[in-house]
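A.B. asks: My questions all concern the structure below.
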Amino acid sequence: MSNLIPPRLRDDCFAMPQGVEWVPVDDALERLRAALAPIAQTETLPVSQASGRVLAADCIARRSNPPRPNSAVDGYGFAHAATGTGVQRLPLVAGRAAAGQPFDGAVPQGQAIRILTGAILPEGVDTVVLEEDCATDGAMVAFDGPVKPRANTRKAGEDVTEGAVALTAGHRLRASDLALLSALGISTVEVFRPLRVGVLSTGDEIVGSPADQAEPHQIYDANRPMLLAMAAAWDTVPVDLGHVRDDPTLIAAALDRGAAEADVILISGGASAGDEDHVSALLQSRGHLTSWRIAMKPGRPLALALWSGVPVFGLPGNPVAAFVCAAIFARPAISLMSGAGWAEPLAMTLQAGFSKSKKAGRREYLRARIGADGRAEVFASEGSGRISGLSWATGLVELPDEALTIQPGDPVRFLPYQGFGL
Ligand code: AMP
Ligand code: MG
């Protein structure tokens, strides 16, 4: 498995049919999904180091859980067949059965044994009564019958049986999964290597670091730290490709570095079709560009290209638009390429805590959060220059492509940041 060569994407994989002016969000997502494939390599890791990784192969249980029938409680065990209705008094055998200390012998019918949680049921025992329901003097145990057969016991393999598929390929391992795999005797897993996501900012006005001096006509690079953090939150390895001016030679050099050091590149700025949109022009000439004009607000242009075979997402320069486009388009695409399959955002229906009317023809994403009354509040300004709204928000309200008038109390679709892994 680890020698597999990842499939290469076709040069024209992002092509849109001729004549399409504005691409609805759902069409764009569908095309992206169809164009992409898992490209991450695989490796074998100890389970203890595999948290956050995506399984590249199914995990098969090496033993059953539990491996043998055992007691679910502290109490007294016996054969059910020898008990009946009314007060039961059974002589106790010497010794006891405890977790990790199995009873070495058989319990005769009509007798009982002291047994503790997790202890394998000794031969002759199929039923356990809870110690709180018993009286004992050390020689006898008494309890009220009837008792249900196999009460307070766990069957071998009642959770998972040996040979069963415990987790399937494509599943991202979480803490709870490490418990399951370990319980099933699985010590190593075949996983995808994390995708390396390169992040590049472009623009003559951009100052790469907030530690540097900015002139009045300059702005600090907000997109790169944001996109690097998003890439990290998506369990990829972020690769900082820095910031370059709007110079095709510099952008090309940065993309070359990205193609060598990353599996996917997120580039922001310059992706429209204006005079200074060198990213579009460059990708057009050398990167098999398809510029998708997506019918959404914010963030209309989305440039998709291959640079030396590496997929490039040309995101809008505006940080609010870059954030939304990355969450809506780059995240599921990166998840698919990582081997974890297409990732749908988590959505919940909330009552609107606002009013709004929108025209038909484009989907809208509003910076939103859940108010004290449980309703979805939206940020006071829809201006996409308002970066503070991204921090104010805890998610996005997604309004459908159709025309719509929303009154307070109407249901709206809320996509929490957490549902994007953010
Ligand atoms: P562009 O897509 O290059 O035309 O940029 C659109 C807007 O986003 C302009 O106002 C840019 O100054 C701004 N912008 C572009 N890149 C960044 C960035 N990395 N950080 C903050 N703002 C940016
Ligand atoms: Mg620019």
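If you're wondering about the labels, chains in the structure tokens are A, B, ... by order shown, residues count from 1 in each chain, ligands from 1 in order shown.
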Could you give me the residues within 10 Å of ligand 2, counting only C-alpha atoms and all ligand atoms, as a list in words?
C.D. replies: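 Protein and nucleic-acid residues within 10 Å of ligand 2: Ser201, Thr202, Gly203, Asp204, Glu205, Ile206, Arg245, Asp246, Ser268, Gly269, Gly270, Ala271, Ser272, Gly274, Asp275, Glu276, Asp277, His278, Val279, Pro316, Gly317 and Asn318 of chain A.
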A.B. asks: Those residues you just picked out, can you put them in a file as a CSV table (one decimal), in the first residue's frame with N, CA and C atoms?
C.D. replies:
chain,number,residue,atom,x,y,z
A,201,SER,N,0.5,34.6,-0.3
A,201,SER,CA,-0.3,35.8,-0.5
A,201,SER,C,0.4,36.7,-1.6
A,202,THR,N,-0.5,37.4,-2.3
A,202,THR,CA,0.1,38.2,-3.4
A,202,THR,C,-0.5,39.6,-3.2
A,203,GLY,N,0.2,40.6,-3.7
A,203,GLY,CA,-0.3,42.0,-3.7
A,203,GLY,C,0.8,43.0,-3.4
A,204,ASP,N,0.9,44.0,-4.3
A,204,ASP,CA,1.9,45.1,-4.1
A,204,ASP,C,1.6,45.9,-2.8
A,205,GLU,N,0.4,45.9,-2.3
A,205,GLU,CA,0.0,46.7,-1.1
A,205,GLU,C,0.2,45.9,0.2
A,206,ILE,N,0.6,44.6,0.0
A,206,ILE,CA,0.6,43.8,1.2
A,206,ILE,C,2.0,43.8,1.9
A,245,ARG,N,5.0,40.2,-4.3
A,245,ARG,CA,4.4,41.3,-5.0
A,245,ARG,C,3.7,40.9,-6.3
A,246,ASP,N,2.9,41.8,-6.9
A,246,ASP,CA,2.2,41.4,-8.1
A,246,ASP,C,3.2,41.4,-9.3
A,268,SER,N,-3.9,33.7,-2.3
A,268,SER,CA,-5.0,34.7,-2.2
A,268,SER,C,-4.6,36.0,-2.8
A,269,GLY,N,-5.5,36.7,-3.4
A,269,GLY,CA,-5.3,38.0,-4.1
A,269,GLY,C,-5.0,37.8,-5.6
A,270,GLY,N,-5.4,38.7,-6.4
A,270,GLY,CA,-5.1,38.7,-7.8
A,270,GLY,C,-5.8,37.7,-8.6
A,271,ALA,N,-6.9,37.2,-8.1
A,271,ALA,CA,-7.6,36.1,-8.8
A,271,ALA,C,-8.8,36.5,-9.7
A,272,SER,N,-9.1,37.9,-9.6
A,272,SER,CA,-10.1,38.4,-10.5
A,272,SER,C,-9.6,38.5,-11.9
A,274,GLY,N,-8.8,41.7,-13.3
A,274,GLY,CA,-8.4,43.1,-13.4
A,274,GLY,C,-6.9,43.2,-13.9
A,275,ASP,N,-6.5,44.4,-14.1
A,275,ASP,CA,-5.2,44.7,-14.7
A,275,ASP,C,-4.1,44.1,-13.8
A,276,GLU,N,-4.3,44.2,-12.5
A,276,GLU,CA,-3.3,43.8,-11.5
A,276,GLU,C,-3.5,42.4,-11.0
A,277,ASP,N,-4.4,41.7,-11.7
A,277,ASP,CA,-4.7,40.3,-11.3
A,277,ASP,C,-3.7,39.3,-12.0
A,278,HIS,N,-2.5,39.4,-11.5
A,278,HIS,CA,-1.4,38.6,-12.2
A,278,HIS,C,-1.5,37.2,-11.9
A,279,VAL,N,-2.2,36.8,-10.8
A,279,VAL,CA,-2.3,35.4,-10.6
A,279,VAL,C,-3.2,34.7,-11.6
A,316,PRO,N,-10.2,34.7,-3.3
A,316,PRO,CA,-10.3,36.2,-3.4
A,316,PRO,C,-9.3,36.8,-2.4
A,317,GLY,N,-8.9,38.0,-2.6
A,317,GLY,CA,-7.9,38.7,-1.8
A,317,GLY,C,-8.6,39.2,-0.5
A,318,ASN,N,-9.8,39.6,-0.6
A,318,ASN,CA,-10.5,40.1,0.5
A,318,ASN,C,-10.6,39.0,1.6
A.B. asks: Could you give me, as a VMD selection string, the residues within 7 Å of Gln218 in chain A, counting only C-alpha atoms and dropping anything in the same chain fewer than 2 positions from it?
C.D. replies: chain A and resid 205 to 207 214 to 216 220
A.B. asks: Figure out the distance between CA of Met348 in chain A and CA of Ala372 in chain A, please, to one decimal in Å.
C.D. replies: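 Computing the Euclidean distance for CA of Ala372 in chain A and CA of Met348 in chain A yields 16.5 Å.
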A.B. asks: If you run DSSP on this backbone, which residues of range 90-281 of chain A come out as alpha helix (DSSP H), and could you give them as a PyMOL selection string?
C.D. replies: chain A and resi 175-183+223-233+248-261+278-281
A.B. asks: Excluding Arg196 in chain A and residues on its chain fewer than 2 positions from it, collect all residues at most 12 Å away from it, counting only C-alpha atoms, and give them as a PDB file with N, CA, C and O atoms, in the first residue's frame.
C.D. replies:
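What ended up in part.pdb:
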ATOM      1  N   ILE A  39      -4.966  12.159  -3.018  1.00  0.00           N
ATOM      2  CA  ILE A  39      -3.614  12.214  -3.573  1.00  0.00           C
ATOM      3  C   ILE A  39      -2.546  11.987  -2.503  1.00  0.00           C
ATOM      4  O   ILE A  39      -1.375  11.959  -2.810  1.00  0.00           O
ATOM      5  N   ALA A  40      -2.982  11.835  -1.244  1.00  0.00           N
ATOM      6  CA  ALA A  40      -2.006  11.675  -0.169  1.00  0.00           C
ATOM      7  C   ALA A  40      -1.374  10.282  -0.229  1.00  0.00           C
ATOM      8  O   ALA A  40      -2.021   9.312  -0.598  1.00  0.00           O
ATOM      9  N   GLN A  41      -0.103  10.200   0.125  1.00  0.00           N
ATOM     10  CA  GLN A  41       0.596   8.914   0.224  1.00  0.00           C
ATOM     11  C   GLN A  41       0.176   8.248   1.531  1.00  0.00           C
ATOM     12  O   GLN A  41      -0.435   8.881   2.377  1.00  0.00           O
ATOM     13  N   PHE A 192      -3.136   7.757   5.823  1.00  0.00           N
ATOM     14  CA  PHE A 192      -2.627   8.690   4.821  1.00  0.00           C
ATOM     15  C   PHE A 192      -1.650   9.652   5.495  1.00  0.00           C
ATOM     16  O   PHE A 192      -1.860  10.062   6.644  1.00  0.00           O
ATOM     17  N   ARG A 193      -0.620  10.006   4.759  1.00  0.00           N
ATOM     18  CA  ARG A 193       0.244  11.083   5.234  1.00  0.00           C
ATOM     19  C   ARG A 193      -0.557  12.368   5.160  1.00  0.00           C
ATOM     20  O   ARG A 193      -1.360  12.545   4.243  1.00  0.00           O
ATOM     21  N   PRO A 194      -0.351  13.287   6.117  1.00  0.00           N
ATOM     22  CA  PRO A 194      -1.130  14.530   6.046  1.00  0.00           C
ATOM     23  C   PRO A 194      -0.767  15.301   4.775  1.00  0.00           C
ATOM     24  O   PRO A 194       0.395  15.338   4.372  1.00  0.00           O
ATOM     25  N   GLY A 198       0.229  24.474   0.925  1.00  0.00           N
ATOM     26  CA  GLY A 198       1.016  25.696   0.782  1.00  0.00           C
ATOM     27  C   GLY A 198       0.104  26.917   0.754  1.00  0.00           C
ATOM     28  O   GLY A 198      -0.977  26.871   0.183  1.00  0.00           O
ATOM     29  N   VAL A 199       0.531  27.988   1.412  1.00  0.00           N
ATOM     30  CA  VAL A 199      -0.273  29.218   1.450  1.00  0.00           C
ATOM     31  C   VAL A 199       0.588  30.388   0.992  1.00  0.00           C
ATOM     32  O   VAL A 199       1.668  30.635   1.547  1.00  0.00           O
ATOM     33  N   LEU A 228      -3.163  29.599   6.897  1.00  0.00           N
ATOM     34  CA  LEU A 228      -2.243  28.611   7.494  1.00  0.00           C
ATOM     35  C   LEU A 228      -2.904  27.955   8.701  1.00  0.00           C
ATOM     36  O   LEU A 228      -2.792  26.741   8.909  1.00  0.00           O
ATOM     37  N   ALA A 231      -5.558  25.540   7.515  1.00  0.00           N
ATOM     38  CA  ALA A 231      -4.926  24.306   7.023  1.00  0.00           C
ATOM     39  C   ALA A 231      -4.511  23.421   8.194  1.00  0.00           C
ATOM     40  O   ALA A 231      -4.697  22.199   8.162  1.00  0.00           O
ATOM     41  N   ALA A 232      -3.980  24.049   9.252  1.00  0.00           N
ATOM     42  CA  ALA A 232      -3.566  23.269  10.428  1.00  0.00           C
ATOM     43  C   ALA A 232      -4.781  22.645  11.099  1.00  0.00           C
ATOM     44  O   ALA A 232      -4.764  21.488  11.515  1.00  0.00           O
ATOM     45  N   TRP A 234      -7.357  21.656   9.767  1.00  0.00           N
ATOM     46  CA  TRP A 234      -7.861  20.551   8.935  1.00  0.00           C
ATOM     47  C   TRP A 234      -6.895  19.380   8.910  1.00  0.00           C
ATOM     48  O   TRP A 234      -6.945  18.535   8.003  1.00  0.00           O
ATOM     49  N   ASP A 235      -6.032  19.310   9.913  1.00  0.00           N
ATOM     50  CA  ASP A 235      -5.095  18.187  10.063  1.00  0.00           C
ATOM     51  C   ASP A 235      -4.186  18.021   8.854  1.00  0.00           C
ATOM     52  O   ASP A 235      -3.815  16.904   8.496  1.00  0.00           O
ATOM     53  N   THR A 236      -3.840  19.141   8.227  1.00  0.00           N
ATOM     54  CA  THR A 236      -2.845  19.086   7.165  1.00  0.00           C
ATOM     55  C   THR A 236      -1.557  19.710   7.705  1.00  0.00           C
ATOM     56  O   THR A 236      -1.539  20.244   8.813  1.00  0.00           O
ATOM     57  N   VAL A 237      -0.514  19.645   6.920  1.00  0.00           N
ATOM     58  CA  VAL A 237       0.735  20.317   7.291  1.00  0.00           C
ATOM     59  C   VAL A 237       0.794  21.636   6.532  1.00  0.00           C
ATOM     60  O   VAL A 237       0.925  21.648   5.314  1.00  0.00           O
ATOM     61  N   PRO A 238       0.643  22.770   7.236  1.00  0.00           N
ATOM     62  CA  PRO A 238       0.685  24.055   6.534  1.00  0.00           C
ATOM     63  C   PRO A 238       2.113  24.366   6.087  1.00  0.00           C
ATOM     64  O   PRO A 238       3.056  24.110   6.822  1.00  0.00           O
ATOM     65  N   VAL A 239       2.234  24.886   4.881  1.00  0.00           N
ATOM     66  CA  VAL A 239       3.546  25.268   4.351  1.00  0.00           C
ATOM     67  C   VAL A 239       3.461  26.752   3.983  1.00  0.00           C
ATOM     68  O   VAL A 239       2.702  27.137   3.093  1.00  0.00           O
ATOM     69  N   ASP A 240       4.213  27.561   4.706  1.00  0.00           N
ATOM     70  CA  ASP A 240       4.156  29.009   4.497  1.00  0.00           C
ATOM     71  C   ASP A 240       4.989  29.380   3.269  1.00  0.00           C
ATOM     72  O   ASP A 240       6.214  29.275   3.290  1.00  0.00           O
ATOM     73  N   LEU A 241       4.324  29.805   2.209  1.00  0.00           N
ATOM     74  CA  LEU A 241       5.026  30.188   0.978  1.00  0.00           C
ATOM     75  C   LEU A 241       5.270  31.693   0.926  1.00  0.00           C
ATOM     76  O   LEU A 241       5.726  32.223  -0.085  1.00  0.00           O
ATOM     77  N   GLY A 258       6.062  26.126  -4.145  1.00  0.00           N
ATOM     78  CA  GLY A 258       4.867  25.477  -3.607  1.00  0.00           C
ATOM     79  C   GLY A 258       4.659  24.095  -4.207  1.00  0.00           C
ATOM     80  O   GLY A 258       4.326  23.142  -3.502  1.00  0.00           O
ATOM     81  N   ALA A 259       4.867  23.995  -5.505  1.00  0.00           N
ATOM     82  CA  ALA A 259       4.662  22.700  -6.170  1.00  0.00           C
ATOM     83  C   ALA A 259       5.671  21.671  -5.686  1.00  0.00           C
ATOM     84  O   ALA A 259       5.390  20.473  -5.670  1.00  0.00           O
ATOM     85  N   ALA A 260       6.860  22.160  -5.266  1.00  0.00           N
ATOM     86  CA  ALA A 260       7.884  21.231  -4.776  1.00  0.00           C
ATOM     87  C   ALA A 260       7.636  20.841  -3.324  1.00  0.00           C
ATOM     88  O   ALA A 260       7.913  19.714  -2.922  1.00  0.00           O
ATOM     89  N   GLU A 261       7.079  21.768  -2.529  1.00  0.00           N
ATOM     90  CA  GLU A 261       6.989  21.541  -1.083  1.00  0.00           C
ATOM     91  C   GLU A 261       5.591  21.203  -0.585  1.00  0.00           C
ATOM     92  O   GLU A 261       5.419  20.854   0.584  1.00  0.00           O
ATOM     93  N   ALA A 262       4.590  21.366  -1.451  1.00  0.00           N
ATOM     94  CA  ALA A 262       3.211  21.158  -0.982  1.00  0.00           C
ATOM     95  C   ALA A 262       2.437  20.271  -1.956  1.00  0.00           C
ATOM     96  O   ALA A 262       2.847  20.066  -3.102  1.00  0.00           O
ATOM     97  N   ASP A 263       1.322  19.735  -1.479  1.00  0.00           N
ATOM     98  CA  ASP A 263       0.449  18.904  -2.319  1.00  0.00           C
ATOM     99  C   ASP A 263      -0.696  19.722  -2.897  1.00  0.00           C
ATOM    100  O   ASP A 263      -1.332  19.315  -3.872  1.00  0.00           O
ATOM    101  N   VAL A 264      -1.013  20.834  -2.254  1.00  0.00           N
ATOM    102  CA  VAL A 264      -2.077  21.734  -2.673  1.00  0.00           C
ATOM    103  C   VAL A 264      -1.593  23.142  -2.349  1.00  0.00           C
ATOM    104  O   VAL A 264      -0.876  23.323  -1.365  1.00  0.00           O
ATOM    105  N   ILE A 265      -1.994  24.125  -3.153  1.00  0.00           N
ATOM    106  CA  ILE A 265      -1.597  25.505  -2.869  1.00  0.00           C
ATOM    107  C   ILE A 265      -2.843  26.381  -2.755  1.00  0.00           C
ATOM    108  O   ILE A 265      -3.735  26.321  -3.606  1.00  0.00           O
ATOM    109  N   LEU A 266      -2.903  27.156  -1.679  1.00  0.00           N
ATOM    110  CA  LEU A 266      -3.938  28.182  -1.542  1.00  0.00           C
ATOM    111  C   LEU A 266      -3.254  29.520  -1.760  1.00  0.00           C
ATOM    112  O   LEU A 266      -2.296  29.859  -1.055  1.00  0.00           O
ATOM    113  N   VAL A 310       0.140  20.294  -9.420  1.00  0.00           N
ATOM    114  CA  VAL A 310      -0.361  20.531  -8.056  1.00  0.00           C
ATOM    115  C   VAL A 310      -1.584  21.441  -8.118  1.00  0.00           C
ATOM    116  O   VAL A 310      -1.528  22.508  -8.732  1.00  0.00           O
ATOM    117  N   PRO A 311      -2.690  21.014  -7.499  1.00  0.00           N
ATOM    118  CA  PRO A 311      -3.891  21.855  -7.557  1.00  0.00           C
ATOM    119  C   PRO A 311      -3.687  23.183  -6.819  1.00  0.00           C
ATOM    120  O   PRO A 311      -3.141  23.211  -5.717  1.00  0.00           O
ATOM    121  N   ILE A 334      -9.854  19.652   0.214  1.00  0.00           N
ATOM    122  CA  ILE A 334      -8.668  19.184   0.938  1.00  0.00           C
ATOM    123  C   ILE A 334      -8.985  17.877   1.669  1.00  0.00           C
ATOM    124  O   ILE A 334      -8.183  16.947   1.695  1.00  0.00           O
ATOM    125  N   SER A 335     -10.188  17.801   2.222  1.00  0.00           N
ATOM    126  CA  SER A 335     -10.595  16.571   2.904  1.00  0.00           C
ATOM    127  C   SER A 335     -10.593  15.396   1.914  1.00  0.00           C
ATOM    128  O   SER A 335     -10.080  14.315   2.212  1.00  0.00           O
ATOM    129  N   MET A 337      -8.916  15.140  -0.948  1.00  0.00           N
ATOM    130  CA  MET A 337      -7.540  14.830  -1.371  1.00  0.00           C
ATOM    131  C   MET A 337      -6.748  14.173  -0.249  1.00  0.00           C
ATOM    132  O   MET A 337      -5.812  13.429  -0.503  1.00  0.00           O
ATOM    133  N   SER A 338      -7.155  14.439   1.020  1.00  0.00           N
ATOM    134  CA  SER A 338      -6.491  13.828   2.179  1.00  0.00           C
ATOM    135  C   SER A 338      -6.881  12.373   2.381  1.00  0.00           C
ATOM    136  O   SER A 338      -6.322  11.703   3.241  1.00  0.00           O
TER     137      SER A 338
END
A.B. asks: In Å, rounded to a single decimal, give me how far atom 19 (N, counted along the ligand's line) of ligand 1 is from CA of Leu227 in chain A.
C.D. replies: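 Atom 19 (N, counted along the ligand's line) of ligand 1 lies at a distance of 9.6 Å from CA of Leu227 in chain A.
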A.B. asks: Counting only C-alpha atoms, which of A:Leu415, A:Leu178, A:Leu306, A:Leu283 gets nearest to Asp12 in chain A?
C.D. replies: A:Leu306
A.B. asks: Do you have the CA of Val191 in chain A-CA of Pro332 in chain A distance handy?
C.D. replies: 18.7 Å
A.B. asks: Asp11 in chain A: which residues within 10 Å, counting only C-alpha atoms, same-chain residues fewer than 3 positions away excluded, as a PyMOL selection string?
C.D. replies: chain A and resi 8+14-15+287-289+305-309+311
A.B. asks: Need to verify the contact set: Leu304 in chain A, 6 Å, only C-alpha atoms, exclusion of same-chain residues closer than 5 positions in sequence. Can you return it as a PyMOL selection string?
C.D. replies: chain A and resi 289-290+312-313
A.B. asks: For the selection you just gave me, I'd like the residues written to a file as a PDB file, in the first residue's frame, keeping all heavy atoms.
C.D. replies:
ATOM      1  N   LEU A 289      -5.662  27.223 -16.109  1.00  0.00           N
ATOM      2  CA  LEU A 289      -6.615  27.879 -15.211  1.00  0.00           C
ATOM      3  C   LEU A 289      -8.064  27.729 -15.669  1.00  0.00           C
ATOM      4  O   LEU A 289      -8.357  27.791 -16.843  1.00  0.00           O
ATOM      5  CB  LEU A 289      -6.307  29.379 -15.169  1.00  0.00           C
ATOM      6  CG  LEU A 289      -7.367  30.221 -14.467  1.00  0.00           C
ATOM      7  CD1 LEU A 289      -7.084  30.262 -12.976  1.00  0.00           C
ATOM      8  CD2 LEU A 289      -7.433  31.623 -15.033  1.00  0.00           C
ATOM      9  N   THR A 290      -8.925  27.524 -14.707  1.00  0.00           N
ATOM     10  CA  THR A 290     -10.339  27.748 -14.941  1.00  0.00           C
ATOM     11  C   THR A 290     -10.778  28.735 -13.879  1.00  0.00           C
ATOM     12  O   THR A 290     -10.575  28.501 -12.691  1.00  0.00           O
ATOM     13  CB  THR A 290     -11.163  26.462 -14.758  1.00  0.00           C
ATOM     14  OG1 THR A 290     -10.593  25.471 -15.575  1.00  0.00           O
ATOM     15  CG2 THR A 290     -12.588  26.691 -15.172  1.00  0.00           C
ATOM     16  N   VAL A 312      -4.124  24.243  -7.464  1.00  0.00           N
ATOM     17  CA  VAL A 312      -4.010  25.588  -6.899  1.00  0.00           C
ATOM     18  C   VAL A 312      -5.412  26.161  -6.760  1.00  0.00           C
ATOM     19  O   VAL A 312      -6.194  26.142  -7.709  1.00  0.00           O
ATOM     20  CB  VAL A 312      -3.187  26.509  -7.827  1.00  0.00           C
ATOM     21  CG1 VAL A 312      -3.104  27.922  -7.245  1.00  0.00           C
ATOM     22  CG2 VAL A 312      -1.799  25.946  -8.077  1.00  0.00           C
ATOM     23  N   PHE A 313      -5.719  26.650  -5.563  1.00  0.00           N
ATOM     24  CA  PHE A 313      -6.972  27.358  -5.334  1.00  0.00           C
ATOM     25  C   PHE A 313      -6.655  28.840  -5.273  1.00  0.00           C
ATOM     26  O   PHE A 313      -5.954  29.279  -4.360  1.00  0.00           O
ATOM     27  CB  PHE A 313      -7.600  26.947  -4.001  1.00  0.00           C
ATOM     28  CG  PHE A 313      -8.259  25.608  -4.046  1.00  0.00           C
ATOM     29  CD1 PHE A 313      -7.506  24.454  -4.086  1.00  0.00           C
ATOM     30  CD2 PHE A 313      -9.645  25.508  -4.059  1.00  0.00           C
ATOM     31  CE1 PHE A 313      -8.118  23.211  -4.151  1.00  0.00           C
ATOM     32  CE2 PHE A 313     -10.268  24.265  -4.121  1.00  0.00           C
ATOM     33  CZ  PHE A 313      -9.497  23.116  -4.163  1.00  0.00           C
TER      34      PHE A 313
END
A.B. asks: Where does DSSP see strand (DSSP E) in range 154-342 of chain A, if you list the residues as a PyMOL selection string?
C.D. replies: chain A and resi 154+165-167+188-192+196-202+206-207+219-220+237-244+264-268+290-293+296-297+301-307+310-315
A.B. asks: Do you know which residues are at most 9 Å from Asp410 in chain A counting only C-alpha atoms, after dropping those on the same chain fewer than 3 positions away, and could you put them as a list in words?
C.D. replies: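 Counting only the stated atoms, we get Leu350, Gln351, Ala352, Gly353, Phe354, Ser355, Ile406 and Gln407 of chain A.
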A.B. asks: From the list A:Gly371, A:Gly339, A:Pro416, A:Pro319, which residue is nearest ligand 1 when using only C-alpha atoms and all ligand atoms?
C.D. replies: A:Pro319
A.B. asks: Range 378-386 of chain A: which residues within 6 Å, counting only C-alpha atoms, same-chain residues fewer than 2 positions away excluded, as a list in words?
C.D. replies: Val320, Arg367, Ala368, Ser388 and Gly389 of chain A
A.B. asks: With distances taken over only C-alpha atoms, which of A:Ala72, A:Ile267, A:Ala322, A:Leu366 is nearest to Ser280 in chain A?
C.D. replies: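 Counting only C-alpha atoms, the residue closest to Ser280 in chain A is A:Ile267.
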A.B. asks: Using only C-alpha atoms and all ligand atoms, can you tell me which of A:Val244, A:Ala340, A:Val87, A:Ala211 comes closest to ligand 1?
C.D. replies: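 For ligand 1, the nearest of the candidates is A:Val244.
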A.B. asks: With only C-alpha atoms and all ligand atoms as the basis for distance, which of A:Lys155, A:Arg224, A:Arg89, A:Arg362 is at the shortest distance from ligand 1?
C.D. replies: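 Between A:Lys155, A:Arg224, A:Arg89, A:Arg362, the residue approaching ligand 1 most closely is A:Arg224.
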